[in-house]
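*Asks:* Contents of structure38.txt (compact mmCIF, C-alpha atoms) are given next:
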```txt
# COMPACT_ATOMS: atom_id res chain seq x y z
CA MET A 1236 -118.18 -149.61 36.64
CA ASN A 1237 -116.92 -146.00 36.53
CA ASN A 1238 -119.41 -143.60 34.88
CA PHE A 1239 -117.17 -140.50 35.04
CA LYS A 1240 -115.97 -138.94 31.80
CA LYS A 1241 -112.81 -136.89 31.61
CA GLY A 1242 -112.98 -133.34 30.20
CA PHE A 1243 -114.12 -129.83 31.00
CA THR A 1244 -117.66 -128.72 31.66
CA SER A 1245 -119.07 -125.65 29.95
CA ILE A 1246 -119.21 -123.85 33.31
CA GLU A 1247 -115.47 -124.44 33.84
CA MET A 1248 -114.76 -123.09 30.34
CA ILE A 1249 -116.85 -119.95 30.97
CA VAL A 1250 -115.04 -119.30 34.28
CA VAL A 1251 -111.62 -119.68 32.65
CA LEU A 1252 -112.58 -117.41 29.74
CA GLY A 1253 -113.93 -114.84 32.21
CA ILE A 1254 -110.65 -114.84 34.11
CA ILE A 1255 -108.67 -114.44 30.87
CA VAL A 1256 -110.86 -111.52 29.74
CA LEU A 1257 -110.54 -109.87 33.16
CA LEU A 1258 -106.73 -110.16 33.09
CA PHE A 1259 -106.68 -108.82 29.53
CA LEU A 1260 -108.77 -105.79 30.55
CA ILE A 1261 -106.43 -105.06 33.45
CA VAL A 1262 -103.17 -105.45 31.49
CA LEU A 1263 -104.15 -103.75 28.19
CA PRO A 1264 -104.31 -100.14 29.49
CA SER A 1265 -100.90 -100.56 31.13
CA LEU A 1266 -99.40 -101.80 27.88
CA ASN A 1267 -100.89 -98.87 25.94
CA LYS A 1268 -99.54 -96.38 28.48
CA MET A 1269 -96.12 -98.00 28.33
CA ARG A 1270 -96.14 -97.83 24.51
CA GLU A 1271 -97.18 -94.15 24.54
CA SER A 1272 -94.51 -93.34 27.10
CA GLN A 1273 -91.83 -95.03 25.00
CA THR A 1274 -92.98 -93.20 21.85
CA PHE A 1275 -92.78 -89.91 23.76
CA LYS A 1276 -89.25 -90.69 24.98
CA ASN A 1277 -88.16 -91.69 21.46
CA THR A 1278 -89.55 -88.47 19.97
CA ALA A 1279 -87.82 -86.33 22.60
CA GLN A 1280 -84.59 -88.20 21.86
CA ASP A 1281 -85.05 -87.58 18.10
CA VAL A 1282 -85.35 -83.82 18.69
CA PHE A 1283 -82.36 -83.90 21.07
CA SER A 1284 -80.33 -85.85 18.48
CA SER A 1285 -81.25 -83.40 15.72
CA LEU A 1286 -79.94 -80.48 17.77
CA ASP A 1287 -76.81 -82.43 18.69
CA LYS A 1288 -76.21 -83.41 15.05
CA ALA A 1289 -76.55 -79.82 13.82
CA ARG A 1290 -74.13 -78.60 16.50
CA SER A 1291 -71.65 -81.43 15.82
CA GLN A 1292 -71.70 -80.83 12.06
CA THR A 1293 -71.15 -77.11 12.66
CA LEU A 1294 -68.18 -77.71 14.98
CA ALA A 1295 -66.73 -80.21 12.51
CA SER A 1296 -67.17 -77.59 9.77
CA VAL A 1297 -68.83 -80.13 7.48
CA ASN A 1298 -68.92 -78.53 3.99
CA SER A 1299 -67.52 -75.37 5.63
CA SER A 1300 -71.01 -74.47 6.84
CA SER A 1301 -73.05 -73.76 9.90
CA TYR A 1302 -76.05 -75.99 10.59
CA GLY A 1303 -79.33 -75.28 12.27
CA VAL A 1304 -82.64 -76.79 13.25
CA HIS A 1305 -86.09 -75.62 12.17
CA PHE A 1306 -89.03 -76.60 14.40
CA GLN A 1307 -92.60 -77.09 13.23
CA SER A 1308 -95.52 -78.71 15.06
CA ASP A 1309 -95.11 -82.03 13.22
CA LYS A 1310 -91.41 -82.14 12.27
CA VAL A 1311 -87.87 -80.99 12.92
CA VAL A 1312 -85.62 -80.08 9.99
CA ILE A 1313 -81.82 -79.94 10.11
CA PHE A 1314 -80.71 -77.29 7.60
CA THR A 1315 -77.42 -76.01 6.21
CA GLY A 1316 -76.47 -72.37 6.77
CA THR A 1317 -77.94 -69.72 9.01
CA THR A 1318 -81.30 -69.33 7.25
CA TYR A 1319 -83.92 -72.06 6.86
CA SER A 1320 -85.24 -72.77 3.36
CA GLY A 1321 -87.98 -75.37 3.11
CA SER A 1322 -87.02 -76.23 -0.46
CA ALA A 1323 -83.29 -76.92 0.14
CA ILE A 1324 -82.31 -80.43 -0.97
CA THR A 1325 -79.79 -80.73 1.87
CA ASN A 1326 -82.50 -80.54 4.54
CA VAL A 1327 -82.83 -83.58 6.79
CA ILE A 1328 -86.43 -84.03 7.97
CA VAL A 1329 -87.24 -85.79 11.24
CA ASN A 1330 -90.98 -86.39 11.56
CA ILE A 1331 -92.69 -86.19 14.95
CA SER A 1332 -94.78 -89.26 15.84
CA THR A 1333 -98.49 -88.61 16.31
CA PRO A 1334 -100.15 -87.74 18.70
CA ILE A 1335 -97.03 -85.88 19.88
CA THR A 1336 -96.60 -82.30 18.65
CA ILE A 1337 -94.21 -79.45 19.18
CA SER A 1338 -96.58 -77.17 21.03
CA ASN A 1339 -94.24 -74.29 21.83
CA VAL A 1340 -90.89 -73.00 20.64
CA THR A 1341 -89.31 -70.24 22.72
CA ILE A 1342 -86.13 -68.87 21.17
CA GLY A 1343 -84.55 -65.66 22.35
CA GLY A 1344 -87.52 -64.97 24.61
CA VAL A 1345 -90.04 -65.09 21.76
CA SER A 1346 -92.67 -67.82 22.02
CA SER A 1347 -94.20 -69.36 18.88
CA THR A 1348 -95.34 -72.65 17.37
CA SER A 1349 -92.30 -72.79 15.07
CA GLY A 1350 -88.80 -71.40 15.00
CA ASP A 1351 -85.18 -71.74 13.93
CA ILE A 1352 -81.91 -72.03 15.73
CA TYR A 1353 -78.44 -72.36 14.18
CA PHE A 1354 -74.99 -72.90 15.62
CA ASN A 1355 -71.92 -70.69 15.18
CA ARG A 1356 -69.01 -72.39 13.41
CA LEU A 1357 -66.13 -71.56 15.71
CA THR A 1358 -67.81 -71.93 19.09
CA GLY A 1359 -70.79 -74.24 18.56
CA GLU A 1360 -72.93 -71.74 20.42
CA PRO A 1361 -76.48 -71.22 19.19
CA ASN A 1362 -77.50 -67.88 17.73
CA GLN A 1363 -80.04 -67.73 20.60
CA SER A 1364 -80.84 -69.94 23.56
CA GLY A 1365 -84.32 -71.28 24.10
CA SER A 1366 -86.60 -74.24 24.61
CA VAL A 1367 -88.88 -76.57 22.69
CA THR A 1368 -91.97 -78.09 24.30
CA LEU A 1369 -93.26 -81.47 23.18
CA SER A 1370 -96.86 -82.30 24.12
CA ALA A 1371 -99.17 -85.28 23.92
CA ASN A 1372 -102.43 -85.45 25.84
CA SER A 1373 -101.49 -84.16 29.32
CA VAL A 1374 -97.77 -85.02 29.13
CA THR A 1375 -95.10 -82.49 28.21
CA LYS A 1376 -91.33 -82.52 27.89
CA VAL A 1377 -89.17 -79.45 27.53
CA ILE A 1378 -85.91 -79.55 25.59
CA THR A 1379 -83.64 -76.67 26.55
CA ILE A 1380 -80.83 -75.22 24.44
CA SER A 1381 -78.40 -73.23 26.60
CA ALA A 1382 -76.31 -70.25 25.52
CA THR A 1383 -73.26 -72.55 25.33
CA GLY A 1384 -75.02 -74.94 22.95
CA SER A 1385 -75.61 -77.78 25.38
CA VAL A 1386 -79.01 -79.46 25.10
CA SER A 1387 -81.00 -81.04 27.93
CA ILE A 1388 -84.36 -82.76 28.33
CA ASN A 1389 -86.42 -82.34 31.51
```
Do you think you could lay out the structure here as structure tokens?
*Replies:*
Amino acid sequence: MNNFKKGFTSIEMIVVLGIIVLLFLIVLPSLNKMRESQTFKNTAQDVFSSLDKARSQTLASVNSSSYGVHFQSDKVVIFTGTTYSGSAITNVIVNISTPITISNVTIGGVSSTSGDIYFNRLTGEPNQSGSVTLSANSVTKVITISATGSVSIN
């Protein structure tokens, strides 16, 4: 008669669980890095889109106004007119995803942690050229606004 029983031994189960845990420990950091990288790209694209939207609305003369963008460490605000007012009901707020921050705003050669830029109605040119630096941990991206109004991300 055959005395063998079918099934798994506890040693086989421990080996399989060990392999699964090892694979999980190898793959998890890569997934976190990929998620952080995608969040960083999305945030940079949000800032880029805000600048593009303000310029487009200005060129289209929406409500016969100029539009601008106000930068703070944790948000970007699209505003109507040439002067930012935090209490204006027409402001469009775009929040920056944590842990990403706007670490530096350089407009017209002046460096700060916040700043404003608006676009001229007839030409779409900004009142001043400059750059905005996004930072998270050791990664940075610089968004540049040229004198012609074109926006680029490094």
*Asks:* Enclose all atoms of segment 1340-1344 of chain A listed in the file in an axis-aligned box, grow every side by 5 Å, and hand back centre and edge lengths in Å to one decimal, as JSON.
*Replies:*
```
{"center_x": -87.7, "center_y": -69.0, "center_z": 22.6, "size_x": 16.3, "size_y": 18.0, "size_z": 14.0}
```
*Asks:* Measuring between all atoms listed in the file, which one of A:Thr1325, A:Ile1261, A:Phe1354, A:Asn1277 shows the shortest distance to Gly1303 of chain A?
*Replies:*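 Between A:Thr1325, A:Ile1261, A:Phe1354, A:Asn1277, the residue approaching Gly1303 of chain A most closely is A:Phe1354.
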*Asks:* Between atom CA of Asn1389 of chain A and atom CA of Ile1331 of chain A, measure the distance and give it in Å to one decimal.
*Replies:*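 Computing it gives 18.1 Å between the two atoms.
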*Asks:* Neighbours of Ala1323 of chain A within 9 Å (all atoms listed in the file; same-chain residues fewer than 4 positions away dropped), as a tab-separated table (two decimals) with C-alpha atoms, in the coordinates of the input?
*Replies:*
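result.tsv written:
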```
chain	number	residue	atom	x	y	z
A	1314	PHE	CA	-80.71	-77.29	7.60
A	1315	THR	CA	-77.42	-76.01	6.21
A	1319	TYR	CA	-83.92	-72.06	6.86
```
*Asks:* Report the distance between atom CA of Val1262 of chain A and atom CA of Lys1376 of chain A in Å, rounded to one decimal place.
*Replies:*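 That distance, rounded to one decimal, is 26.1 Å.
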*Asks:* Between A:Val1312, A:Leu1369, A:Ile1328, A:Ile1254, which residue has the minimum interatomic distance to Val1340 of chain A, considering only C-alpha atoms?
*Replies:* A:Leu1369
*Asks:* Would you mind telling me which residue in A:Gly1343, A:Gly1350, A:Gly1359, A:Gly1384 lies nearest to Ser1301 of chain A when using all atoms listed in the file?
*Replies:*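 Residue with the minimum atom-to-atom distance to Ser1301 of chain A: A:Gly1359.
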*Asks:* So, counting all atoms listed in the file, which residue among A:Thr1318, A:Asn1330, A:Gln1280, A:Ser1338 is closest to Asn1372 of chain A?
*Replies:*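 With all atoms listed in the file as the atom set, the closest residue is A:Ser1338.
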*Asks:* Do you know which residues are at most 8 Å from Ala1382 of chain A counting only C-alpha atoms, after dropping those on the same chain fewer than 5 positions away, and could you put them as a list in words?
*Replies:*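 Contacts, with the query itself left out: Glu1360, Pro1361, Gln1363 and Ser1364 of chain A.
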*Asks:* Take the residues from that selection and write them out as a CSV table (one decimal), keeping the file's coordinate frame, keeping C-alpha atoms.
*Replies:*
```csv
chain,number,residue,atom,x,y,z
A,1360,GLU,CA,-72.9,-71.7,20.4
A,1361,PRO,CA,-76.5,-71.2,19.2
A,1363,GLN,CA,-80.0,-67.7,20.6
A,1364,SER,CA,-80.8,-69.9,23.6
```
*Asks:* Rounded to one decimal in Å, what is the spacing between atom CA of Val1311 of chain A and atom CA of Val1345 of chain A?
*Replies:*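 Computed distance, atom CA of Val1311 of chain A to atom CA of Val1345 of chain A, equals 18.3 Å.
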*Asks:* With only C-alpha atoms as the basis for distance, which of A:Leu1257, A:Phe1275, A:Arg1356, A:Lys1241 is at the shortest distance from Val1297 of chain A?
*Replies:* A:Arg1356
*Asks:* Do a neighbour search on Leu1357 of chain A at 9 Å with all atoms listed in the file, toss out local chain neighbours closer than 6 positions, and write the hits as a list in words.
*Replies:*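 Counting all atoms listed in the file, the residues come to Thr1293, Leu1294 and Ser1296 of chain A.
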*Asks:* List the neighbours of Phe1306 of chain A out to 10 Å using only C-alpha atoms; skip same-chain residues closer than 4 positions along the sequence, and give me the result as number ranges by chain.
*Replies:* A: 1282, 1310-1313, 1329, 1337, 1339-1340, 1347-1352, 1367
*Asks:* Excluding Ile1335 of chain A and any residue of its chain fewer than 5 positions from it, enumerate the residues within 10 Å of it, using all atoms listed in the file, and give them as a compact mmCIF listing (two decimals) with C-alpha atoms, keeping the file's coordinate frame.
*Replies:*
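So the final result, stored in out.txt, reads:
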```txt
# COMPACT_ATOMS: atom_id res chain seq x y z
CA GLU A 1271 -97.18 -94.15 24.54
CA THR A 1274 -92.98 -93.20 21.85
CA PHE A 1275 -92.78 -89.91 23.76
CA THR A 1278 -89.55 -88.47 19.97
CA ALA A 1279 -87.82 -86.33 22.60
CA SER A 1308 -95.52 -78.71 15.06
CA ASP A 1309 -95.11 -82.03 13.22
CA LEU A 1369 -93.26 -81.47 23.18
CA SER A 1370 -96.86 -82.30 24.12
CA ALA A 1371 -99.17 -85.28 23.92
CA ASN A 1372 -102.43 -85.45 25.84
CA VAL A 1374 -97.77 -85.02 29.13
CA THR A 1375 -95.10 -82.49 28.21
```
